[in-house]
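Chemist: My structure is stored as upload-v7.cif, with mmCIF, C-alpha atoms.
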data_coords
loop_
_atom_site.label_atom_id
_atom_site.label_comp_id
_atom_site.auth_asym_id
_atom_site.auth_seq_id
_atom_site.Cartn_x
_atom_site.Cartn_y
_atom_site.Cartn_z
CA MET A 75 -6.13 10.52 -2.58
CA ASN A 76 -9.68 11.60 -1.90
CA ASP A 77 -11.65 13.57 -4.47
CA ILE A 78 -11.62 17.26 -3.55
CA ARG A 79 -15.10 17.61 -5.06
CA MET A 80 -16.40 14.97 -2.66
CA ILE A 81 -14.82 16.80 0.28
CA ARG A 82 -16.23 20.11 -0.96
CA GLU A 83 -19.74 18.73 -1.46
CA LYS A 84 -19.86 16.26 1.46
CA PRO A 85 -17.42 17.50 4.11
CA ASP A 86 -19.32 15.75 6.90
CA LEU A 87 -18.73 12.38 5.19
CA MET A 88 -14.97 12.95 5.35
CA ARG A 89 -15.14 14.24 8.92
CA GLU A 90 -17.11 11.15 9.91
CA ALA A 91 -14.52 8.93 8.18
CA LEU A 92 -11.71 10.49 10.22
CA VAL A 93 -13.65 10.12 13.46
CA LYS A 94 -14.26 6.43 12.64
CA ARG A 95 -10.53 6.05 12.17
CA GLN A 96 -9.89 7.62 15.58
CA MET A 97 -8.45 10.74 13.92
CA ASP A 98 -9.02 14.46 14.39
CA PRO A 99 -11.46 15.80 11.74
CA ALA A 100 -9.97 19.33 11.96
CA PRO A 101 -7.85 18.96 8.76
CA ILE A 102 -11.08 19.04 6.72
CA ASP A 103 -11.68 22.65 7.76
CA ARG A 104 -8.18 23.62 6.64
CA ILE A 105 -8.62 21.81 3.31
CA LEU A 106 -11.94 23.55 2.68
CA ALA A 107 -10.40 26.95 3.54
CA LEU A 108 -7.43 26.33 1.22
CA ASP A 109 -9.74 25.17 -1.55
CA GLU A 110 -11.99 28.21 -1.17
CA GLU A 111 -9.05 30.63 -1.15
CA ARG A 112 -7.46 28.92 -4.15
CA ARG A 113 -10.65 29.09 -6.19
CA ALA A 114 -11.17 32.75 -5.26
CA LYS A 115 -7.61 33.62 -6.34
CA LEU A 116 -8.06 31.65 -9.56
CA SER A 117 -11.17 33.71 -10.28
CA GLU A 118 -9.21 36.92 -9.70
CA LEU A 119 -6.46 35.60 -11.95
CA GLU A 120 -8.88 34.83 -14.77
CA ALA A 121 -10.43 38.31 -14.44
CA LEU A 122 -7.00 39.97 -14.66
CA ARG A 123 -6.05 37.90 -17.70
CA ALA A 124 -9.32 38.94 -19.36
CA GLN A 125 -8.47 42.60 -18.59
CA ARG A 126 -5.00 42.16 -20.06
CA ASN A 127 -6.36 40.58 -23.24
CA SER A 128 -8.90 43.36 -23.65
CA ALA A 129 -6.26 46.03 -23.07
CA SER A 130 -3.86 44.40 -25.54
CA LYS A 131 -6.55 44.42 -28.22
CA GLU A 132 -7.24 48.08 -27.42
CA ILE A 133 -3.58 48.93 -27.94
CA GLY A 134 -3.70 47.37 -31.40
CA ARG A 135 -6.67 49.51 -32.40
CA MET A 136 -5.50 52.81 -30.91
CA GLN A 137 -3.78 55.37 -33.12
CA ASP A 138 -2.90 57.96 -30.46
CA GLU A 139 0.63 57.23 -29.20
CA SER A 140 0.16 58.81 -25.75
CA GLY A 141 -3.03 56.81 -25.27
CA ARG A 142 -1.21 53.63 -26.30
CA GLU A 143 1.50 54.25 -23.68
CA THR A 144 -1.12 54.79 -21.00
CA ILE A 145 -2.72 51.43 -21.76
CA LYS A 146 0.72 49.76 -21.93
CA ASP A 147 1.41 51.06 -18.42
CA ARG A 148 -1.88 49.56 -17.32
CA VAL A 149 -0.95 46.20 -18.93
CA ARG A 150 2.41 46.22 -17.15
CA ALA A 151 0.64 46.82 -13.82
CA ILE A 152 -1.77 43.98 -14.57
CA ASN A 153 1.16 41.68 -15.41
CA ILE A 154 2.71 42.39 -12.02
CA GLN A 155 -0.58 41.48 -10.34
CA ILE A 156 -0.87 38.34 -12.47
CA ASP A 157 2.67 37.23 -11.57
CA GLY A 158 1.91 37.69 -7.87
CA LEU A 159 -1.36 35.78 -8.10
CA ASP A 160 0.30 33.01 -10.15
CA THR A 161 2.82 32.53 -7.37
CA LEU A 162 0.12 32.58 -4.69
CA VAL A 163 -2.08 30.07 -6.55
CA SER A 164 0.92 27.75 -6.98
CA GLU A 165 1.62 27.97 -3.26
CA LEU A 166 -2.03 27.28 -2.41
CA ASP A 167 -2.04 24.35 -4.86
CA ALA A 168 1.00 22.85 -3.14
CA GLN A 169 -0.51 23.33 0.33
CA LEU A 170 -3.82 21.81 -0.76
CA GLN A 171 -2.09 18.86 -2.41
CA GLU A 172 0.01 18.23 0.70
CA ALA A 173 -3.08 18.35 2.93
CA LEU A 174 -4.94 15.92 0.64
CA TYR A 175 -1.96 13.53 0.66
CA GLU A 176 -2.26 13.33 4.45
CA LEU A 177 -5.91 12.23 4.39
CA PRO A 178 -6.63 8.48 4.62
CA ASN A 179 -9.19 6.67 2.51
CA VAL A 180 -12.86 6.55 3.50
CA PRO A 181 -13.90 3.23 5.11
CA ASP A 182 -16.62 1.26 3.37
CA PRO A 183 -20.01 1.46 5.11
CA ASP A 184 -19.87 -2.24 6.06
CA VAL A 185 -16.50 -1.99 7.83
CA PRO A 186 -17.14 -2.73 11.52
CA PRO A 187 -16.64 0.25 13.85
CA GLY A 188 -13.87 0.00 16.42
CA LYS A 189 -11.15 1.98 18.12
CA ASP A 190 -8.15 -0.32 17.50
CA ASP A 191 -7.05 -3.87 16.65
CA SER A 192 -8.72 -5.25 19.76
CA GLU A 193 -12.07 -4.65 18.04
CA ASN A 194 -11.29 -6.42 14.77
CA VAL A 195 -13.90 -9.08 13.98
CA VAL A 196 -12.90 -12.75 13.67
CA LEU A 197 -15.03 -14.10 10.80
CA LYS A 198 -13.93 -17.73 10.91
CA THR A 199 -11.23 -20.15 12.01
CA VAL A 200 -10.22 -22.94 9.64
CA GLY A 201 -8.36 -26.12 10.56
CA ALA A 202 -7.88 -27.90 13.87
CA LEU A 203 -4.93 -26.84 16.01
CA ARG A 204 -2.42 -29.67 16.18
CA GLU A 205 -2.22 -31.56 19.46
CA PHE A 206 1.40 -32.26 20.33
CA ALA A 207 2.65 -35.19 22.39
CA PHE A 208 5.54 -32.92 23.40
CA THR A 209 5.99 -29.23 24.09
CA PRO A 210 6.52 -27.52 20.71
CA LEU A 211 9.52 -25.23 20.51
CA PRO A 212 9.34 -21.66 19.23
CA HIS A 213 11.09 -21.17 15.89
CA TYR A 214 13.77 -19.00 17.49
CA GLU A 215 14.89 -22.03 19.52
CA LEU A 216 14.13 -24.73 16.96
CA GLY A 217 15.99 -23.13 14.03
CA PRO A 218 19.24 -22.49 15.93
CA LYS A 219 19.08 -25.97 17.49
CA LEU A 220 19.02 -27.45 13.98
CA GLY A 221 21.85 -25.10 13.00
CA TYR A 222 20.05 -23.41 10.08
CA LEU A 223 18.77 -20.18 11.63
CA ASP A 224 21.45 -17.86 12.99
CA PHE A 225 20.54 -14.67 14.83
CA GLU A 226 24.06 -13.89 16.06
CA ARG A 227 25.47 -13.71 12.53
CA GLY A 228 22.51 -11.61 11.43
CA VAL A 229 23.38 -9.08 14.13
CA LYS A 230 27.07 -9.35 13.20
CA LEU A 231 26.30 -8.52 9.57
CA ALA A 232 23.56 -5.90 9.86
CA GLY A 233 22.54 -5.29 13.48
CA THR A 234 19.42 -6.13 15.45
CA ARG A 235 16.36 -7.66 13.74
CA PHE A 236 18.40 -9.36 11.04
CA TYR A 237 19.11 -13.07 10.76
CA VAL A 238 20.80 -15.61 8.50
CA THR A 239 19.22 -18.79 7.15
CA SER A 240 21.29 -21.61 5.74
CA GLY A 241 21.05 -25.16 4.42
CA PRO A 242 17.56 -26.69 4.36
CA ILE A 243 15.84 -23.65 5.94
CA ALA A 244 17.36 -21.38 3.26
CA LYS A 245 16.05 -23.86 0.66
CA LEU A 246 12.63 -23.82 2.31
CA GLN A 247 12.62 -20.02 2.20
CA ARG A 248 13.55 -19.95 -1.51
CA GLY A 249 11.23 -22.82 -2.41
CA LEU A 250 8.29 -21.18 -0.65
CA ILE A 251 8.75 -17.99 -2.68
CA GLN A 252 8.90 -19.93 -5.95
CA TRP A 253 5.87 -22.05 -5.09
CA LEU A 254 3.80 -18.96 -4.19
CA LEU A 255 4.68 -17.27 -7.47
CA ASP A 256 3.84 -20.39 -9.45
CA HIS A 257 0.55 -20.72 -7.58
CA HIS A 258 -0.46 -17.16 -8.46
CA ILE A 259 0.60 -17.57 -12.09
CA ALA A 260 -1.56 -20.68 -12.33
CA ARG A 261 -4.50 -18.62 -10.99
CA GLY A 262 -4.09 -16.03 -13.78
CA TYR A 263 -1.69 -13.52 -12.24
CA ARG A 264 1.13 -12.08 -14.35
CA GLU A 265 4.55 -12.13 -12.68
CA PHE A 266 6.81 -9.06 -12.63
CA GLY A 267 10.45 -8.68 -11.67
CA LEU A 268 10.65 -5.21 -10.16
CA PRO A 269 13.23 -2.70 -8.96
CA PHE A 270 13.70 -2.77 -5.21
CA MET A 271 14.05 1.03 -5.17
CA VAL A 272 11.62 3.59 -6.60
CA LYS A 273 11.28 7.32 -7.16
CA GLN A 274 9.51 9.60 -4.73
CA ASP A 275 6.46 10.11 -6.97
CA VAL A 276 5.89 6.34 -6.97
CA MET A 277 5.88 6.32 -3.16
CA LEU A 278 3.40 9.21 -3.23
CA ALA A 279 1.12 7.40 -5.68
CA ALA A 280 1.09 4.23 -3.57
CA GLY A 281 0.20 6.20 -0.42
CA GLN A 282 3.48 5.57 1.42
CA LEU A 283 4.49 9.23 1.37
CA PRO A 284 4.16 11.49 3.20
CA LYS A 285 2.34 9.42 5.86
CA PHE A 286 5.02 6.76 6.45
CA ARG A 287 8.15 8.77 5.74
CA GLU A 288 9.76 7.89 9.07
CA ASN A 289 9.28 4.18 8.43
CA LEU A 290 10.99 4.14 5.01
CA TYR A 291 14.61 3.76 3.95
CA HIS A 292 15.77 6.57 1.69
CA ASP A 293 18.88 6.98 -0.46
CA VAL A 294 19.14 10.76 -0.13
CA GLU A 295 21.90 11.15 -2.72
CA ARG A 296 19.83 9.52 -5.49
CA ASP A 297 16.45 10.44 -3.96
CA ALA A 298 15.46 6.78 -4.28
CA TRP A 299 13.33 4.89 -1.79
CA PHE A 300 13.67 1.22 -0.83
CA VAL A 301 10.36 -0.55 -1.35
CA PRO A 302 8.42 -1.46 1.83
CA THR A 303 6.28 -3.82 -0.28
CA ALA A 304 5.96 -4.77 -3.96
CA GLU A 305 2.59 -2.99 -3.87
CA VAL A 306 4.53 0.24 -4.39
CA PRO A 307 6.24 -0.51 -7.72
CA LEU A 308 3.17 -2.47 -8.89
CA THR A 309 1.18 0.74 -8.38
CA GLY A 310 3.84 2.73 -10.20
CA LEU A 311 3.77 0.51 -13.29
CA HIS A 312 0.72 2.32 -14.66
CA MET A 313 1.17 5.85 -13.27
CA GLY A 314 -0.13 8.32 -15.83
CA ASP A 315 -1.53 5.55 -18.05
CA ILE A 316 -4.96 5.22 -19.60
CA LEU A 317 -5.74 1.51 -19.64
CA ASP A 318 -7.95 -0.36 -22.06
CA GLY A 319 -11.15 -1.16 -20.17
CA GLU A 320 -11.64 -4.34 -22.18
CA GLN A 321 -8.41 -5.73 -20.68
CA LEU A 322 -9.45 -5.17 -17.06
CA THR A 323 -9.12 -6.84 -14.57
CA LEU A 324 -5.30 -6.94 -14.55
CA ASN A 325 -3.92 -9.45 -12.03
CA TYR A 326 -0.25 -8.94 -11.11
CA THR A 327 2.15 -10.70 -8.74
CA ALA A 328 5.75 -10.07 -7.73
CA TYR A 329 8.37 -11.07 -5.20
CA THR A 330 10.50 -8.41 -3.52
CA PRO A 331 12.45 -8.04 -0.32
CA CYS A 332 10.72 -5.38 1.79
CA PHE A 333 12.53 -2.73 3.80
CA ARG A 334 10.88 -1.05 6.79
CA LYS A 335 12.34 0.70 9.80
CA GLU A 336 9.49 -0.72 11.89
CA ASN A 337 9.24 2.50 13.91
CA LEU A 338 5.50 1.84 14.01
CA ALA A 339 6.19 -1.43 15.86
CA ALA A 340 7.98 0.19 18.78
CA GLY A 341 7.31 -1.69 22.00
CA LYS A 342 6.01 -4.81 20.25
CA ASP A 343 7.54 -8.25 20.67
CA THR A 344 10.39 -8.52 18.15
CA ARG A 345 11.90 -11.86 19.12
CA GLY A 346 12.62 -14.26 16.28
CA ILE A 347 11.93 -13.55 12.61
CA LYS A 348 8.38 -12.24 12.72
CA ARG A 349 9.24 -8.53 12.61
CA GLY A 350 12.45 -7.45 10.89
CA PHE A 351 13.84 -4.46 9.03
CA GLN A 352 14.14 -6.59 5.87
CA PHE A 353 11.85 -9.45 4.91
CA ASP A 354 10.62 -11.30 1.82
CA LYS A 355 7.08 -11.10 0.51
CA VAL A 356 5.13 -12.20 -2.53
CA GLU A 357 2.52 -9.60 -3.44
CA MET A 358 -0.79 -9.77 -5.33
CA TYR A 359 -2.19 -6.67 -7.04
CA LYS A 360 -5.26 -5.90 -9.16
CA TYR A 361 -6.38 -3.09 -11.47
CA CYS A 362 -10.10 -3.28 -12.18
CA LYS A 363 -13.25 -1.34 -13.07
CA PRO A 364 -14.95 0.39 -10.12
CA GLU A 365 -18.02 -1.83 -10.24
CA ASP A 366 -15.84 -4.96 -10.03
CA SER A 367 -13.61 -4.12 -7.06
CA GLU A 368 -15.74 -5.67 -4.32
CA GLN A 369 -15.92 -8.99 -6.19
CA GLU A 370 -12.20 -8.82 -6.97
CA LEU A 371 -11.51 -8.43 -3.26
CA GLN A 372 -13.40 -11.65 -2.64
CA ASN A 373 -11.47 -13.32 -5.49
CA MET A 374 -8.14 -12.26 -4.00
CA PHE A 375 -9.24 -13.42 -0.58
CA ALA A 376 -10.16 -16.83 -2.02
CA ASP A 377 -6.75 -17.11 -3.72
CA ILE A 378 -5.01 -16.51 -0.38
CA GLU A 379 -7.23 -19.01 1.43
CA ASP A 380 -6.36 -21.60 -1.19
CA ILE A 381 -2.66 -21.21 -0.36
CA LEU A 382 -3.29 -21.81 3.34
CA HIS A 383 -5.46 -24.84 2.60
CA LEU A 384 -2.66 -26.34 0.50
CA LEU A 385 -0.06 -25.67 3.21
CA LYS A 386 -2.42 -27.36 5.73
CA ILE A 387 -1.81 -24.71 8.36
CA PRO A 388 -4.63 -23.63 10.71
CA TYR A 389 -5.67 -20.06 10.04
CA ARG A 390 -8.30 -17.53 10.90
CA VAL A 391 -9.82 -14.57 9.06
CA LYS A 392 -10.38 -11.14 10.56
CA GLN A 393 -12.11 -8.11 9.14
CA LEU A 394 -10.34 -4.99 10.31
CA CYS A 395 -12.40 -2.39 12.14
CA THR A 396 -12.35 1.30 11.24
CA GLY A 397 -9.75 2.11 13.91
CA ASP A 398 -7.25 -0.44 12.58
CA LEU A 399 -7.83 0.02 8.86
CA GLY A 400 -4.74 0.77 6.77
CA PHE A 401 -4.18 4.33 5.53
CA GLY A 402 -5.17 3.64 1.90
CA SER A 403 -7.71 0.89 2.46
CA THR A 404 -11.50 1.06 2.40
CA LYS A 405 -11.87 -2.57 3.53
CA THR A 406 -9.32 -5.17 4.68
CA TYR A 407 -9.33 -8.84 5.59
CA ASP A 408 -6.37 -10.17 7.58
CA LEU A 409 -5.46 -13.84 7.40
CA GLU A 410 -3.55 -15.14 10.41
CA VAL A 411 -1.81 -18.49 10.85
CA TRP A 412 -1.40 -20.37 14.12
CA ALA A 413 2.15 -20.64 15.47
CA PRO A 414 2.06 -23.22 18.30
CA GLY A 415 5.65 -22.69 19.48
CA ILE A 416 5.14 -19.04 20.33
CA GLY A 417 1.40 -19.53 20.93
CA GLU A 418 0.28 -16.71 18.64
CA TRP A 419 -1.83 -16.00 15.61
CA LEU A 420 0.44 -14.31 13.06
CA GLU A 421 -0.77 -12.15 10.20
CA VAL A 422 0.62 -13.52 6.93
CA SER A 423 -1.66 -11.62 4.57
CA SER A 424 -3.88 -8.55 4.32
CA ALA A 425 -6.23 -8.30 1.36
CA SER A 426 -7.43 -4.74 0.80
CA ASN A 427 -9.70 -2.82 -1.54
CA VAL A 428 -8.20 0.63 -2.11
CA ARG A 429 -10.83 1.75 -4.65
CA ASP A 430 -9.64 4.87 -6.57
CA PHE A 431 -7.39 6.18 -3.77
CA GLN A 432 -4.08 5.22 -5.40
CA ALA A 433 -5.40 5.81 -8.92
CA ARG A 434 -6.10 9.47 -8.12
CA ARG A 435 -2.65 9.92 -6.60
CA GLY A 436 -0.97 8.25 -9.60
CA ASN A 437 -3.43 9.44 -12.29
CA ILE A 438 -4.21 5.87 -13.39
CA ARG A 439 -7.31 5.71 -15.59
CA PHE A 440 -9.11 3.52 -18.13
CA ARG A 441 -11.51 3.93 -21.03
CA ARG A 442 -14.57 1.70 -21.23
CA SER A 443 -14.51 2.01 -25.01
CA PRO A 444 -12.44 3.90 -27.63
CA GLY A 445 -13.05 7.62 -27.30
CA ALA A 446 -14.88 7.32 -23.98
CA LYS A 447 -14.04 9.71 -21.15
CA PRO A 448 -11.25 8.28 -18.96
CA GLU A 449 -12.23 7.11 -15.47
CA PHE A 450 -10.09 6.23 -12.47
CA VAL A 451 -9.45 2.52 -12.00
CA HIS A 452 -9.80 0.74 -8.67
CA THR A 453 -6.77 -1.03 -7.21
CA LEU A 454 -6.50 -3.88 -4.71
CA ASN A 455 -3.52 -5.44 -2.98
CA GLY A 456 -2.83 -8.51 -0.88
CA SER A 457 0.12 -10.37 0.58
CA GLY A 458 0.42 -13.74 -1.01
CA LEU A 459 2.23 -14.39 1.40
CA GLY A 460 4.64 -12.72 3.83
CA ILE A 461 7.54 -15.17 4.00
CA PRO A 462 8.97 -14.93 7.56
CA ARG A 463 5.67 -15.52 9.36
CA THR A 464 4.68 -18.27 6.93
CA MET A 465 8.07 -19.85 7.69
CA ILE A 466 7.37 -19.59 11.41
CA ALA A 467 4.05 -21.38 10.95
CA ILE A 468 5.65 -24.16 8.89
CA LEU A 469 8.57 -24.68 11.27
CA GLU A 470 6.40 -24.72 14.37
CA ASN A 471 3.39 -26.67 13.04
CA TYR A 472 5.45 -29.31 11.23
CA GLN A 473 8.08 -29.91 13.94
CA GLN A 474 8.58 -33.41 15.31
CA GLU A 475 9.61 -34.64 18.74
CA ASP A 476 13.20 -35.18 17.57
CA ASN A 477 13.28 -31.49 16.49
CA SER A 478 13.16 -32.38 12.80
CA ILE A 479 10.66 -30.56 10.61
CA GLN A 480 8.50 -32.22 7.99
CA VAL A 481 8.25 -30.29 4.75
CA PRO A 482 4.62 -29.70 3.67
CA ASP A 483 3.66 -32.02 0.82
CA VAL A 484 2.97 -29.16 -1.57
CA LEU A 485 6.52 -27.77 -1.12
CA ARG A 486 8.53 -30.98 -1.42
CA ASP A 487 9.16 -30.71 -5.16
CA TYR A 488 10.42 -27.16 -4.60
CA VAL A 489 12.61 -27.84 -1.58
CA ARG A 490 13.68 -31.33 -2.75
CA LEU A 491 13.44 -32.51 0.85
CA ASP A 492 10.90 -34.47 2.84
CA ALA A 493 12.21 -33.23 6.16
CA ILE A 494 14.66 -30.80 7.74
CA ASN A 495 16.88 -32.35 10.37
#
Any chance you could put this one into structure tokens?
Modeler:
Amino acid sequence: MNDIRMIREKPDLMREALVKRQMDPAPIDRILALDEERRAKLSELEALRAQRNSASKEIGRMQDESGRETIKDRVRAINIQIDGLDTLVSELDAQLQEALYELPNVPDPDVPPGKDDSENVVLKTVGALREFAFTPLPHYELGPKLGYLDFERGVKLAGTRFYVTSGPIAKLQRGLIQWLLDHHIARGYREFGLPFMVKQDVMLAAGQLPKFRENLYHDVERDAWFVPTAEVPLTGLHMGDILDGEQLTLNYTAYTPCFRKENLAAGKDTRGIKRGFQFDKVEMYKYCKPEDSEQELQNMFADIEDILHLLKIPYRVKQLCTGDLGFGSTKTYDLEVWAPGIGEWLEVSSASNVRDFQARRGNIRFRRSPGAKPEFVHTLNGSGLGIPRTMIAILENYQQEDNSIQVPDVLRDYVRLDAIN
């Protein structure tokens, strides 16, 4: 959430941010009008309460009974006004809060301008693309040919965009998750086992609601929401907390399945396993002091690069432009792996600095020293990694002419296989 004081004092900064994101700046005018009306009504409310207090004291001092009744009548009239204004202020508060929840974060000044993903900036490409002596198969042909990736049974069980893995590919999937978690733990991240459903206020704090309501799965009876990413419950862990500044930065990691309706992907290529309604992901998350968040973004980015180096998969790094920046992000780097079978670069990770956007929504603060005034923390998140697309890259880059798949060296102790055939 953006600071209402910043919007009040620098409305043009927020308007400019929305324009950079290819959004209509008109909501700023409505927010300012709501804020002005709310503050005016609060002032009226405080004046009426002062009148009531003064009148109540006057009643206590007055001896004349008829005069006391007259003032009591006046107090009753004031109470009616106060009740009405209380209700109005609560309504204005709710409207203002809802409008603020709809506003995205402000892009950092060094985020490249652009209208959409076509204007993202490729910063570097790492690793030579493999030259094949044969035509590499896409994973959605290779997996079924080996008998370990079954789309028909996925549809039979759950409908379109679901699939079943079995045998060595199921082991690869499980081993990859375990290796990623172990890698992060070795780099100083603390692992969490999290619920796969959360309360509405957790979704609000993480920035998923109300913006992405139509893309989320919701258990209406329990008012519980299936997590679209472990970022959500990792944000919720410290909602309402005041953290010890001496313990920051906190580095967290977790595995969860992720549930998304993928309404935002309508019209995009959905063949294979790269875009499903349920997928596995290992998440990285940081809580840090405001002055440290830019460096922590670079640290997280380096941790993700290290994974891709160890997997020996060609990848490239993009910085997202203002028009493609995520709702809660101020700056994002995407890391994409090369998939030779489908001939595409696939995003397997986004590393984002969210600054105090989630902390304000979830009231997550820290003290620099005992007794110091609490400040909002900064939060960062990154995929470390998304499993289906990483699996695609492994299957397609490590395939052999006989359709077998070599297991990357770094995963062999986890999968207990040298090859899948």
Chemist: Name every residue that the PyMOL selection byres ((chain A and resi 315) around 10) selects in this structure, writing the answer as a ChimeraX atom specification with chains first and numbers rising.
Modeler: /A:310-314,316-318,433,436-440
Chemist: So what does the PyMOL selection byres ((chain A and resi 92-106) around 8) actually pick up in this one, as a PDB file with C-alpha atoms, in the coordinates of the input?
Modeler:
ATOM      1  CA  ILE A  81     -14.820  16.800   0.280  1.00  0.00           C
ATOM      2  CA  ARG A  82     -16.230  20.110  -0.960  1.00  0.00           C
ATOM      3  CA  PRO A  85     -17.420  17.500   4.110  1.00  0.00           C
ATOM      4  CA  MET A  88     -14.970  12.950   5.350  1.00  0.00           C
ATOM      5  CA  ARG A  89     -15.140  14.240   8.920  1.00  0.00           C
ATOM      6  CA  GLU A  90     -17.110  11.150   9.910  1.00  0.00           C
ATOM      7  CA  ALA A  91     -14.520   8.930   8.180  1.00  0.00           C
ATOM      8  CA  ALA A 107     -10.400  26.950   3.540  1.00  0.00           C
ATOM      9  CA  LEU A 108      -7.430  26.330   1.220  1.00  0.00           C
ATOM     10  CA  ASP A 109      -9.740  25.170  -1.550  1.00  0.00           C
ATOM     11  CA  GLU A 110     -11.990  28.210  -1.170  1.00  0.00           C
ATOM     12  CA  LEU A 170      -3.820  21.810  -0.760  1.00  0.00           C
ATOM     13  CA  ALA A 173      -3.080  18.350   2.930  1.00  0.00           C
ATOM     14  CA  LEU A 174      -4.940  15.920   0.640  1.00  0.00           C
ATOM     15  CA  PRO A 178      -6.630   8.480   4.620  1.00  0.00           C
ATOM     16  CA  VAL A 180     -12.860   6.550   3.500  1.00  0.00           C
ATOM     17  CA  PRO A 187     -16.640   0.250  13.850  1.00  0.00           C
ATOM     18  CA  GLY A 188     -13.870   0.000  16.420  1.00  0.00           C
ATOM     19  CA  LYS A 189     -11.150   1.980  18.120  1.00  0.00           C
ATOM     20  CA  THR A 396     -12.350   1.300  11.240  1.00  0.00           C
ATOM     21  CA  GLY A 397      -9.750   2.110  13.910  1.00  0.00           C
ATOM     22  CA  ASP A 398      -7.250  -0.440  12.580  1.00  0.00           C
ATOM     23  CA  LEU A 399      -7.830   0.020   8.860  1.00  0.00           C
TER      24      LEU A 399
END
Chemist: Which residues are close to range 273-279 of chain A, i.e. within 12 Å by all atoms listed in the file, leaving aside same-chain residues fewer than 6 positions away? Reply as JSON, numbers by chain.
Modeler: {"A": [75, 171, 172, 174, 175, 176, 285, 286, 287, 290, 291, 292, 293, 294, 296, 297, 298, 299, 300, 301, 302, 303, 304, 305, 306, 307, 308, 309, 310, 311, 312, 313, 314, 402, 430, 431, 432, 433, 434, 435, 436, 437, 438, 453]}
Chemist: Leu254 in chain A: which residues within 8 Å, counting all atoms listed in the file, same-chain residues fewer than 4 positions away excluded, as number ranges by chain?
Modeler: A: 250, 258, 356, 381, 458-459
Chemist: Considering all atoms listed in the file, state which residue in the set A:Phe266, A:Phe351, A:Trp419, A:Tyr472 is at the smallest distance from Thr199 in chain A.
Modeler: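 So, comparing all the options, the nearest one is A:Trp419.
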Chemist: Quote the spacing between CA of Asp191 in chain A and CA of Ile466 in chain A in Å to one decimal place.
Modeler: 22.0 Å
Chemist: Under the rule of at most 10 Å, produce a per-residue listing of range 76-141 of chain A near range 146-166 of chain A: chain, number, name, the closest pair of atoms, and the distance in Å, as CSV, using only C-alpha atoms.
Modeler:
residue,atom,partner,partner_atom,distance
A:Leu108,CA,A:Leu166,CA,6.6
A:Asp109,CA,A:Leu166,CA,8.0
A:Glu111,CA,A:Leu166,CA,7.9
A:Arg112,CA,A:Leu166,CA,5.9
A:Arg113,CA,A:Val163,CA,8.6
A:Ala114,CA,A:Val163,CA,9.6
A:Lys115,CA,A:Val163,CA,6.6
A:Leu116,CA,A:Val163,CA,6.9
A:Glu118,CA,A:Leu159,CA,8.1
A:Leu119,CA,A:Ile156,CA,6.2
A:Glu120,CA,A:Ile156,CA,9.0
A:Ala121,CA,A:Ile156,CA,9.8
A:Leu122,CA,A:Ile152,CA,6.6
A:Arg123,CA,A:Ile156,CA,7.4
A:Gln125,CA,A:Ile152,CA,7.9
A:Arg126,CA,A:Val149,CA,5.8
A:Asn127,CA,A:Val149,CA,8.9
A:Ser128,CA,A:Val149,CA,9.7
A:Ala129,CA,A:Val149,CA,6.7
A:Ser130,CA,A:Val149,CA,7.4
A:Glu132,CA,A:Lys146,CA,9.8
A:Ile133,CA,A:Lys146,CA,7.4
A:Ser140,CA,A:Lys146,CA,9.8
A:Gly141,CA,A:Lys146,CA,8.7
Chemist: From the options A:Lys198, A:His213, A:Gly319, A:Ile479, which residue's atoms come nearest to Ala493 in chain A, counting all atoms listed in the file?
Modeler: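 Nearest candidate to Ala493 in chain A out of A:Lys198, A:His213, A:Gly319, A:Ile479: A:Ile479.
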Chemist: Apply the PyMOL selection byres ((chain A and resi 215) around 12) to the structure shown and report the selected residues as a compact mmCIF listing (two decimals) with C-alpha atoms, in the frame of the given file.
Modeler:
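The file below, selection-v8.txt, is the result:
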# COMPACT_ATOMS: atom_id res chain seq x y z
CA PRO A 210 6.52 -27.52 20.71
CA LEU A 211 9.52 -25.23 20.51
CA PRO A 212 9.34 -21.66 19.23
CA HIS A 213 11.09 -21.17 15.89
CA TYR A 214 13.77 -19.00 17.49
CA LEU A 216 14.13 -24.73 16.96
CA GLY A 217 15.99 -23.13 14.03
CA PRO A 218 19.24 -22.49 15.93
CA LYS A 219 19.08 -25.97 17.49
CA LEU A 220 19.02 -27.45 13.98
CA GLY A 221 21.85 -25.10 13.00
CA TYR A 222 20.05 -23.41 10.08
CA LEU A 223 18.77 -20.18 11.63
CA ASP A 224 21.45 -17.86 12.99
CA PHE A 225 20.54 -14.67 14.83
CA ARG A 345 11.90 -11.86 19.12
CA GLY A 346 12.62 -14.26 16.28
CA ILE A 347 11.93 -13.55 12.61
CA GLY A 415 5.65 -22.69 19.48
CA ILE A 416 5.14 -19.04 20.33
CA ILE A 466 7.37 -19.59 11.41
CA LEU A 469 8.57 -24.68 11.27
CA GLU A 470 6.40 -24.72 14.37
CA GLN A 473 8.08 -29.91 13.94
CA ASN A 477 13.28 -31.49 16.49
Chemist: Enter the distance from CA of Val484 in chain A to CA of Phe236 in chain A, in Å, rounded to one decimal.
Modeler: 28.1 Å
Chemist: May I ask for the distance between CA of Pro482 in chain A and CA of Asp343 in chain A, given in Å to one decimal place?
Modeler: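 Going from CA of Pro482 in chain A over to CA of Asp343 in chain A covers 27.5 Å.
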Chemist: Under the rule that only C-alpha atoms are counted, which of A:Ser457, A:Ser192, A:Gly445, A:Ala413 is the nearest residue to Lys348 in chain A?
Modeler: A:Ala413
Chemist: Which is closer to Asp492 in chain A than all the others in A:Gln480, A:Glu295, A:Lys360, A:Val428, using only C-alpha atoms?
Modeler: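 Under the stated criterion, the closest residue is A:Gln480.
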